Amino acid sequence: MAAASSRMVQLQSLTQFYTWARAPFIVSAPMRVLSGAHLAVAVSRAGGLGFIGPGADPKDTMTELDKARDLLDKDPLKTPTALDLLPVGVGFQTWNGNLDVASLAIEKHRPSAAWLFAPRHGQRELDDWTRGIRKVSPATRIWIQVGTLREAIDAAESSDSPDVLVIQGAEAGGHGRANDAIGLITLLPEIQDALRSKGIPLFAAGGIADGRGVTAALGLGAAGVVMGTRFLASTEARISKGYQDEILRAKDGASSTARTQLYNHLRGTFDWPEQFSPRTITNKSWEEHQEGVPFEKLKKRHDELLKKGDEAWGDQGRTATYAGANIGLIHEVKGAGLILDEVRREAGEIIRSLQFINQ
Ligand SMILES: Cc1cc2nc3c(=O)[nH]c(=O)nc-3n(C[C@H](O)[C@H](O)[C@H](O)COP(=O)(O)O)c2cc1C
């Protein structure tokens, strides 16, 4: 009961700040390049909180925030935002981000949230970013995504502790913990127990694609949920057709996705901190890698197929197709607003259907 009432207090303070948000609180993840201003604004407009992802270049954050402001100036949200902040969030991968460039964009636009993930140097690096962002925009709330109990405790005990912790389970698409990831069903409640005295709201990320996942996450102790892969199949995602078709085609995340650095390397990225690796839909590159085909050959085949556009995707394709273990739950491309409405409706039905318990 104590956990439930402390969550009520957290929810109240969250909704006082995120004035436009509706319950259950649903967030779209800051997926690198794929989550642009259009997706973020659509999610916030529908009563969630939309995050803009890191760009291919750190300067892209400014461009996307400019775009978000423009969209919101033309058609503002119905509810005024707290402290006149921009009602979207923005995400950074701190290991390859640029705090000076990020600070310029945050100072200019004052987003409602800044999300930090994937430090090379642990909490020390997250603290530097937290202080830097709070200096230029004190009201911007700091969200930190973690994937282990240790990371959660380090963040919560820091003197620069975040306003929200996103707890990322092993199911998550894109990068997450490489060797010590664990499913949300145990990770989230254990973190909740460990951080009870801190009062930091926890959001669940990883594998959530519909109202069933949302309800489960709330039951585990989450104040809200994050969905990434589900929004890859939204009309507002900045995604190629071949990639999006894969999100709809693939199923059975256990056999058709894997966590591996292989695709980072095929794309020419070798410097991700080793504690992280991405979950991706597997294809020919992975199959042949498992059979022992040398990397140089895989790279050559990958680069050749990449020239053929959408053919690079699919089970006969070779390119990176980052996605979560939940791909078997995603069957249709829809507008982000409709996704939110449907997920919220389904979650509401499940919650109501459970109310006979204890009567
Ligand atoms: C394609 C893709 C790209 C991602 N890029 C980022 C990123 O740049 N920064 C980040 O913090 N998280 C990133 N994530 C992870 C999300 O923050 C989140 O943990 C994940 O999407 C949740 O799992 P789900 O995809 O099963 O919903 C990415 C996820 C996906 C699927």
# chains A, B, ... in the order shown; residues from 1 in each chain; ligands from 1
>>> residues_around(residues="A:Ala82", least_positions_apart="4", cutoff="10 Å", atoms="only C-alpha atoms", output="PyMOL selection string")
chain A and resi 15-20+86-87+112+139
>>> write_last_selection(atoms="all heavy atoms", output="mmCIF file, in the first residue's frame")
data_model
loop_
_atom_site.group_PDB
_atom_site.id
_atom_site.type_symbol
_atom_site.label_atom_id
_atom_site.label_comp_id
_atom_site.auth_asym_id
_atom_site.auth_seq_id
_atom_site.Cartn_x
_atom_site.Cartn_y
_atom_site.Cartn_z
ATOM 1 N N THR A 15 1.679 15.219 -13.151
ATOM 2 C CA THR A 15 0.621 15.816 -13.969
ATOM 3 C C THR A 15 0.463 17.316 -13.696
ATOM 4 O O THR A 15 -0.028 18.046 -14.538
ATOM 5 C CB THR A 15 -0.728 15.081 -13.813
ATOM 6 O OG1 THR A 15 -0.959 14.898 -12.434
ATOM 7 C CG2 THR A 15 -0.748 13.754 -14.514
ATOM 8 N N GLN A 16 0.934 17.759 -12.511
ATOM 9 C CA GLN A 16 0.946 19.220 -12.303
ATOM 10 C C GLN A 16 1.977 19.868 -13.218
ATOM 11 O O GLN A 16 1.819 20.982 -13.675
ATOM 12 C CB GLN A 16 1.292 19.544 -10.851
ATOM 13 C CG GLN A 16 0.047 19.589 -9.979
ATOM 14 C CD GLN A 16 0.384 19.507 -8.507
ATOM 15 O OE1 GLN A 16 1.518 19.734 -8.105
ATOM 16 N NE2 GLN A 16 -0.599 19.180 -7.701
ATOM 17 N N PHE A 17 3.044 19.137 -13.469
ATOM 18 C CA PHE A 17 4.100 19.688 -14.327
ATOM 19 C C PHE A 17 3.782 19.468 -15.815
ATOM 20 O O PHE A 17 3.825 20.393 -16.610
ATOM 21 C CB PHE A 17 5.445 19.047 -13.961
ATOM 22 C CG PHE A 17 6.587 19.674 -14.687
ATOM 23 C CD1 PHE A 17 7.058 20.924 -14.305
ATOM 24 C CD2 PHE A 17 7.170 19.047 -15.783
ATOM 25 C CE1 PHE A 17 8.097 21.538 -14.996
ATOM 26 C CE2 PHE A 17 8.208 19.655 -16.471
ATOM 27 C CZ PHE A 17 8.677 20.890 -16.072
ATOM 28 N N TYR A 18 3.461 18.202 -16.152
ATOM 29 C CA TYR A 18 3.102 17.889 -17.553
ATOM 30 C C TYR A 18 1.584 18.055 -17.662
ATOM 31 O O TYR A 18 0.828 17.082 -17.714
ATOM 32 C CB TYR A 18 3.586 16.484 -17.922
ATOM 33 C CG TYR A 18 5.105 16.402 -17.881
ATOM 34 C CD1 TYR A 18 5.780 15.742 -16.871
ATOM 35 C CD2 TYR A 18 5.864 17.051 -18.851
ATOM 36 C CE1 TYR A 18 7.174 15.718 -16.814
ATOM 37 C CE2 TYR A 18 7.252 17.032 -18.803
ATOM 38 C CZ TYR A 18 7.891 16.367 -17.786
ATOM 39 O OH TYR A 18 9.268 16.360 -17.746
ATOM 40 N N THR A 19 1.159 19.308 -17.699
ATOM 41 C CA THR A 19 -0.260 19.657 -17.525
ATOM 42 C C THR A 19 -1.186 19.034 -18.567
ATOM 43 O O THR A 19 -2.366 18.842 -18.312
ATOM 44 C CB THR A 19 -0.411 21.188 -17.623
ATOM 45 O OG1 THR A 19 0.329 21.611 -18.782
ATOM 46 C CG2 THR A 19 0.120 21.901 -16.394
ATOM 47 N N TRP A 20 -0.641 18.769 -19.758
ATOM 48 C CA TRP A 20 -1.466 18.274 -20.857
ATOM 49 C C TRP A 20 -1.577 16.738 -20.858
ATOM 50 O O TRP A 20 -2.332 16.165 -21.632
ATOM 51 C CB TRP A 20 -0.876 18.731 -22.205
ATOM 52 C CG TRP A 20 0.476 18.116 -22.450
ATOM 53 C CD1 TRP A 20 0.727 16.957 -23.127
ATOM 54 C CD2 TRP A 20 1.749 18.589 -22.005
ATOM 55 N NE1 TRP A 20 2.074 16.687 -23.120
ATOM 56 C CE2 TRP A 20 2.726 17.676 -22.442
ATOM 57 C CE3 TRP A 20 2.172 19.710 -21.277
ATOM 58 C CZ2 TRP A 20 4.089 17.839 -22.175
ATOM 59 C CZ3 TRP A 20 3.530 19.871 -21.015
ATOM 60 C CH2 TRP A 20 4.464 18.950 -21.462
ATOM 61 N N LEU A 86 8.485 24.301 -23.516
ATOM 62 C CA LEU A 86 8.028 23.659 -24.761
ATOM 63 C C LEU A 86 7.525 22.250 -24.401
ATOM 64 O O LEU A 86 8.256 21.490 -23.752
ATOM 65 C CB LEU A 86 9.214 23.578 -25.729
ATOM 66 C CG LEU A 86 8.893 23.302 -27.199
ATOM 67 C CD1 LEU A 86 8.138 24.482 -27.824
ATOM 68 C CD2 LEU A 86 10.177 23.033 -27.979
ATOM 69 N N PRO A 87 6.297 21.903 -24.818
ATOM 70 C CA PRO A 87 5.720 20.638 -24.340
ATOM 71 C C PRO A 87 6.213 19.394 -25.078
ATOM 72 O O PRO A 87 5.429 18.519 -25.449
ATOM 73 C CB PRO A 87 4.216 20.859 -24.538
ATOM 74 C CG PRO A 87 4.122 21.816 -25.665
ATOM 75 C CD PRO A 87 5.330 22.703 -25.598
ATOM 76 N N SER A 112 10.408 20.570 -22.046
ATOM 77 C CA SER A 112 9.893 20.130 -20.740
ATOM 78 C C SER A 112 10.736 19.022 -20.127
ATOM 79 O O SER A 112 10.618 18.760 -18.933
ATOM 80 C CB SER A 112 8.472 19.592 -20.898
ATOM 81 O OG SER A 112 7.652 20.609 -21.346
ATOM 82 N N ALA A 139 14.179 24.727 -15.199
ATOM 83 C CA ALA A 139 12.876 24.055 -15.077
ATOM 84 C C ALA A 139 12.774 22.788 -15.919
ATOM 85 O O ALA A 139 11.872 21.970 -15.714
ATOM 86 C CB ALA A 139 11.768 25.019 -15.480
#
>>> closest_atom_pairs(of="stretch 92-156 of chain A", to="stretch 203-216 of chain A", cutoff="12 Å", atoms="only C-alpha atoms", output="tab-separated table")
residue	atom	partner	partner_atom	distance
A:Trp143	CA	A:Phe203	CA	9.5
A:Ile144	CA	A:Phe203	CA	10.0
A:Gln145	CA	A:Ala205	CA	8.7
A:Val146	CA	A:Ala205	CA	9.7
A:Gly147	CA	A:Ala205	CA	9.4
A:Ala152	CA	A:Phe203	CA	11.9
>>> closest_atom_pairs(of="chain A", to="ligand 1", cutoff="9 Å", atoms="only C-alpha atoms and all ligand atoms", output="CSV")
residue,atom,partner,partner_atom_place_in_ligand_line,distance
A:Ser28,CA,ligand 1,21 (O),8.1
A:Ala29,CA,ligand 1,17 (O),4.7
A:Pro30,CA,ligand 1,9 (N),5.2
A:Met31,CA,ligand 1,5 (N),3.4
A:Arg32,CA,ligand 1,8 (O),3.7
A:Val33,CA,ligand 1,8 (O),7.5
A:Leu34,CA,ligand 1,1 (C),6.9
A:Ser35,CA,ligand 1,3 (C),8.3
A:Gly53,CA,ligand 1,8 (O),5.5
A:Pro54,CA,ligand 1,8 (O),5.5
A:Gly55,CA,ligand 1,8 (O),8.2
A:Gly91,CA,ligand 1,9 (N),6.1
A:Phe92,CA,ligand 1,9 (N),6.2
A:Gln93,CA,ligand 1,9 (N),5.7
A:Trp115,CA,ligand 1,11 (O),6.8
A:Leu116,CA,ligand 1,11 (O),6.3
A:Phe117,CA,ligand 1,11 (O),4.7
A:Ala118,CA,ligand 1,11 (O),7.0
A:Ile144,CA,ligand 1,11 (O),8.3
A:Gln145,CA,ligand 1,11 (O),6.5
A:Val146,CA,ligand 1,19 (O),8.9
A:Gly147,CA,ligand 1,19 (O),8.8
A:Val166,CA,ligand 1,19 (O),8.0
A:Ile167,CA,ligand 1,19 (O),8.0
A:Gln168,CA,ligand 1,19 (O),5.3
A:Gly169,CA,ligand 1,23 (O),7.6
A:Ala170,CA,ligand 1,23 (O),8.4
A:Glu171,CA,ligand 1,26 (O),5.7
A:Ala172,CA,ligand 1,23 (O),3.3
A:Gly173,CA,ligand 1,31 (C),3.8
A:Gly174,CA,ligand 1,29 (C),3.7
A:His175,CA,ligand 1,15 (C),5.8
A:Gly176,CA,ligand 1,19 (O),6.9
A:Ala204,CA,ligand 1,22 (C),8.2
A:Ala205,CA,ligand 1,22 (C),4.4
A:Gly206,CA,ligand 1,23 (O),3.3
A:Gly207,CA,ligand 1,26 (O),3.5
A:Ile208,CA,ligand 1,27 (O),5.2
A:Ala209,CA,ligand 1,27 (O),6.5
A:Val226,CA,ligand 1,22 (C),6.2
A:Met227,CA,ligand 1,27 (O),3.8
A:Gly228,CA,ligand 1,21 (O),3.3
A:Thr229,CA,ligand 1,25 (O),3.7
A:Arg230,CA,ligand 1,27 (O),6.1
A:Phe231,CA,ligand 1,27 (O),8.0
A:Leu232,CA,ligand 1,1 (C),7.3
A:Pro278,CA,ligand 1,29 (C),8.2
A:Arg279,CA,ligand 1,31 (C),7.7
A:Thr280,CA,ligand 1,31 (C),8.1
A:Thr321,CA,ligand 1,1 (C),7.3
A:Tyr322,CA,ligand 1,1 (C),4.6
A:Ala323,CA,ligand 1,31 (C),4.3
A:Gly324,CA,ligand 1,26 (O),3.9
A:Ala325,CA,ligand 1,26 (O),6.0
A:Asn326,CA,ligand 1,26 (O),5.7
A:Ile327,CA,ligand 1,26 (O),7.9
>>> write_last_selection(atoms="C-alpha atoms", output="short mmCIF file (atom, residue, chain, number, x, y, z; two decimals), in the first residue's frame")
data_model
loop_
_atom_site.label_atom_id
_atom_site.label_comp_id
_atom_site.auth_asym_id
_atom_site.auth_seq_id
_atom_site.Cartn_x
_atom_site.Cartn_y
_atom_site.Cartn_z
CA SER A 28 7.51 8.13 -27.02
CA ALA A 29 11.21 7.27 -26.78
CA PRO A 30 13.90 9.56 -28.20
CA MET A 31 14.96 7.20 -31.00
CA ARG A 32 18.04 8.45 -32.77
CA VAL A 33 17.11 10.15 -36.09
CA LEU A 34 13.76 8.26 -36.21
CA SER A 35 11.95 10.39 -33.59
CA GLY A 53 15.77 11.75 -30.55
CA PRO A 54 19.44 12.57 -31.01
CA GLY A 55 20.27 13.51 -34.60
CA GLY A 91 17.03 12.97 -25.83
CA PHE A 92 20.82 12.72 -25.81
CA GLN A 93 23.28 9.84 -25.95
CA TRP A 115 16.57 12.53 -21.46
CA LEU A 116 20.08 11.23 -20.91
CA PHE A 117 21.28 7.77 -21.84
CA ALA A 118 24.36 5.67 -22.50
CA ILE A 144 17.76 9.35 -17.10
CA GLN A 145 17.38 5.92 -18.66
CA VAL A 146 19.05 3.05 -16.78
CA GLY A 147 19.09 -0.71 -17.30
CA VAL A 166 13.38 5.38 -17.02
CA ILE A 167 13.90 1.70 -16.25
CA GLN A 168 14.82 -0.13 -19.43
CA GLY A 169 14.30 -3.89 -19.54
CA ALA A 170 16.10 -6.41 -21.74
CA GLU A 171 13.11 -6.45 -24.12
CA ALA A 172 13.89 -2.93 -25.36
CA GLY A 173 14.68 -2.12 -28.97
CA GLY A 174 17.78 -0.14 -29.82
CA HIS A 175 20.67 0.08 -27.38
CA GLY A 176 20.48 -1.26 -23.87
CA ALA A 204 9.00 1.48 -17.72
CA ALA A 205 10.65 0.93 -21.11
CA GLY A 206 11.11 -2.26 -23.09
CA GLY A 207 8.66 -4.48 -24.92
CA ILE A 208 5.54 -2.37 -24.30
CA ALA A 209 3.37 -2.09 -27.40
CA VAL A 226 7.82 4.51 -22.66
CA MET A 227 7.20 2.99 -26.08
CA GLY A 228 9.84 3.06 -28.79
CA THR A 229 9.34 0.29 -31.35
CA ARG A 230 5.54 0.79 -31.40
CA PHE A 231 6.09 4.32 -32.71
CA LEU A 232 8.37 3.09 -35.51
CA PRO A 278 21.38 -2.83 -29.62
CA ARG A 279 18.45 -5.20 -30.09
CA THR A 280 17.75 -5.58 -33.77
CA THR A 321 16.87 -2.93 -38.21
CA TYR A 322 16.84 -1.90 -34.56
CA ALA A 323 13.61 -2.95 -32.84
CA GLY A 324 12.35 -4.43 -29.59
CA ALA A 325 11.32 -7.94 -28.59
CA ASN A 326 7.71 -6.73 -28.99
CA ILE A 327 7.71 -6.72 -32.82
#
>>> residues_around(residues="A:Ala320", least_positions_apart="5", cutoff="10 Å", atoms="only C-alpha atoms", output="PyMOL selection string")
chain A and resi 243+261-267+278-283+285-286+302+312-313
>>> select_by_dssp(residues="stretch 37-179 of chain A", states="alpha helix (DSSP H)", output="VMD selection string")
chain A and resid 37 to 45 60 to 74 99 to 109 122 to 136 149 to 157
>>> closest_residue(among="A:Asp315, A:Asp303, A:Glu342, A:Asp180", to="A:Arg249", atoms="only C-alpha atoms")
A:Asp315
>>> select_by_dssp(residues="stretch 48-251 of chain A", states="strand (DSSP E)", output="PyMOL selection string")
chain A and resi 49-52+86-93+111-117+141-146+164-168+174-177+202-205+224-227
>>> closest_residue(among="A:Ile339, A:Val9, A:Ile330, A:Leu65", to="A:Ile200", atoms="only C-alpha atoms")
A:Val9
>>> closest_residue(among="A:Glu157, A:Asp84, A:Asp193, A:Asp128", to="A:Ala2", atoms="only C-alpha atoms")
A:Asp193
>>> residues_around(residues="A:Ala223", least_positions_apart="5", cutoff="9 Å", atoms="only C-alpha atoms", output="VMD selection string")
chain A and resid 7 to 8 10 to 11 14 24 to 25 201 to 204 217 to 218
>>> write_last_selection(atoms="C-alpha atoms", output="CSV table (one decimal), in the first residue's frame")
chain,number,residue,atom,x,y,z
A,7,ARG,CA,3.1,6.5,-6.6
A,8,MET,CA,-0.1,8.6,-6.3
A,10,GLN,CA,4.5,11.1,-7.8
A,11,LEU,CA,1.7,11.0,-10.4
A,14,LEU,CA,4.0,14.7,-12.7
A,24,PRO,CA,-1.9,6.4,-18.1
A,25,PHE,CA,1.2,8.6,-18.9
A,201,PRO,CA,9.0,8.5,-10.5
A,202,LEU,CA,9.9,5.4,-12.5
A,203,PHE,CA,8.9,4.9,-16.1
A,204,ALA,CA,9.0,1.5,-17.7
A,217,ALA,CA,4.1,-1.9,-16.2
A,218,LEU,CA,1.8,0.1,-13.9
>>> closest_residue(among="A:Met62, A:Leu329, A:Val164, A:Leu71", to="A:His109", atoms="only C-alpha atoms")
A:Met62
>>> closest_residue(among="A:Ala40, A:Arg301, A:Gly48, A:Phe270", to="A:Gly224", atoms="only C-alpha atoms")
A:Gly48
>>> residues_around(residues="stretch 159-163 of chain A", least_positions_apart="6", cutoff="6 Å", atoms="only C-alpha atoms", output="list of chain:residue names")
A:Asp127, A:Arg141, A:Ile142, A:Trp143
>>> write_last_selection(atoms="C-alpha atoms", output="PDB file, in the first residue's frame")
ATOM      1  CA  ASP A 127      26.039  14.449 -13.548  1.00  0.00           C
ATOM      2  CA  ARG A 141      13.142  18.056 -15.985  1.00  0.00           C
ATOM      3  CA  ILE A 142      15.980  15.560 -16.250  1.00  0.00           C
ATOM      4  CA  TRP A 143      15.052  12.019 -17.262  1.00  0.00           C
TER       5      TRP A 143
END
>>> atom_distance(atom1="atom CA of A:Lys307", atom2="atom CA of A:Trp272")
25.0 Å
>>> closest_residue(among="A:Ala181, A:Thr148, A:Gly219, A:Leu77", to="A:Ala194", atoms="only C-alpha atoms")
A:Thr148
>>> atom_distance(atom1="atom CA of A:Arg344", atom2="atom CA of A:Ser240")
27.3 Å
>>> residues_around(residues="A:Arg45", least_positions_apart="5", cutoff="10 Å", atoms="only C-alpha atoms", output="ChimeraX atom specification")
/A:20-21,39-40,50,72,75-79,87-88,336-337
>>> write_last_selection(atoms="N, CA and C atoms", output="short mmCIF file (atom, residue, chain, number, x, y, z; two decimals), in the first residue's frame")
data_model
loop_
_atom_site.label_atom_id
_atom_site.label_comp_id
_atom_site.auth_asym_id
_atom_site.auth_seq_id
_atom_site.Cartn_x
_atom_site.Cartn_y
_atom_site.Cartn_z
N TRP A 20 -0.64 18.77 -19.76
CA TRP A 20 -1.47 18.27 -20.86
C TRP A 20 -1.58 16.74 -20.86
N ALA A 21 -0.79 16.08 -19.98
CA ALA A 21 -0.68 14.61 -20.04
C ALA A 21 -1.93 13.94 -19.48
N LEU A 39 6.86 13.53 -34.84
CA LEU A 39 6.40 12.45 -33.94
C LEU A 39 6.26 12.99 -32.51
N ALA A 40 7.26 13.73 -32.05
CA ALA A 40 7.22 14.22 -30.67
C ALA A 40 6.00 15.11 -30.44
N GLY A 50 6.13 13.53 -26.00
CA GLY A 50 6.93 13.10 -27.14
C GLY A 50 8.37 13.57 -27.00
N LEU A 72 4.12 23.96 -32.90
CA LEU A 72 3.31 24.28 -31.72
C LEU A 72 2.86 25.75 -31.71
N ASP A 75 -0.17 25.71 -34.02
CA ASP A 75 -1.32 25.00 -33.47
C ASP A 75 -0.99 24.59 -32.03
N PRO A 76 -1.15 25.53 -31.07
CA PRO A 76 -0.72 25.24 -29.69
C PRO A 76 -1.57 24.14 -29.03
N LEU A 77 -1.00 23.51 -28.01
CA LEU A 77 -1.78 22.55 -27.21
C LEU A 77 -2.90 23.32 -26.52
N LYS A 78 -3.99 22.61 -26.24
CA LYS A 78 -5.15 23.27 -25.61
C LYS A 78 -4.83 23.70 -24.17
N THR A 79 -3.99 22.90 -23.49
CA THR A 79 -3.68 23.20 -22.08
C THR A 79 -2.39 24.00 -22.00
N PRO A 87 6.30 21.90 -24.82
CA PRO A 87 5.72 20.64 -24.34
C PRO A 87 6.21 19.39 -25.08
N VAL A 88 7.49 19.31 -25.30
CA VAL A 88 8.13 18.08 -25.82
C VAL A 88 9.43 17.91 -25.05
N ALA A 336 0.30 8.57 -34.58
CA ALA A 336 0.73 8.44 -33.18
C ALA A 336 -0.45 8.71 -32.22
N GLY A 337 -1.31 9.65 -32.59
CA GLY A 337 -2.45 10.00 -31.72
C GLY A 337 -3.39 8.82 -31.57
#
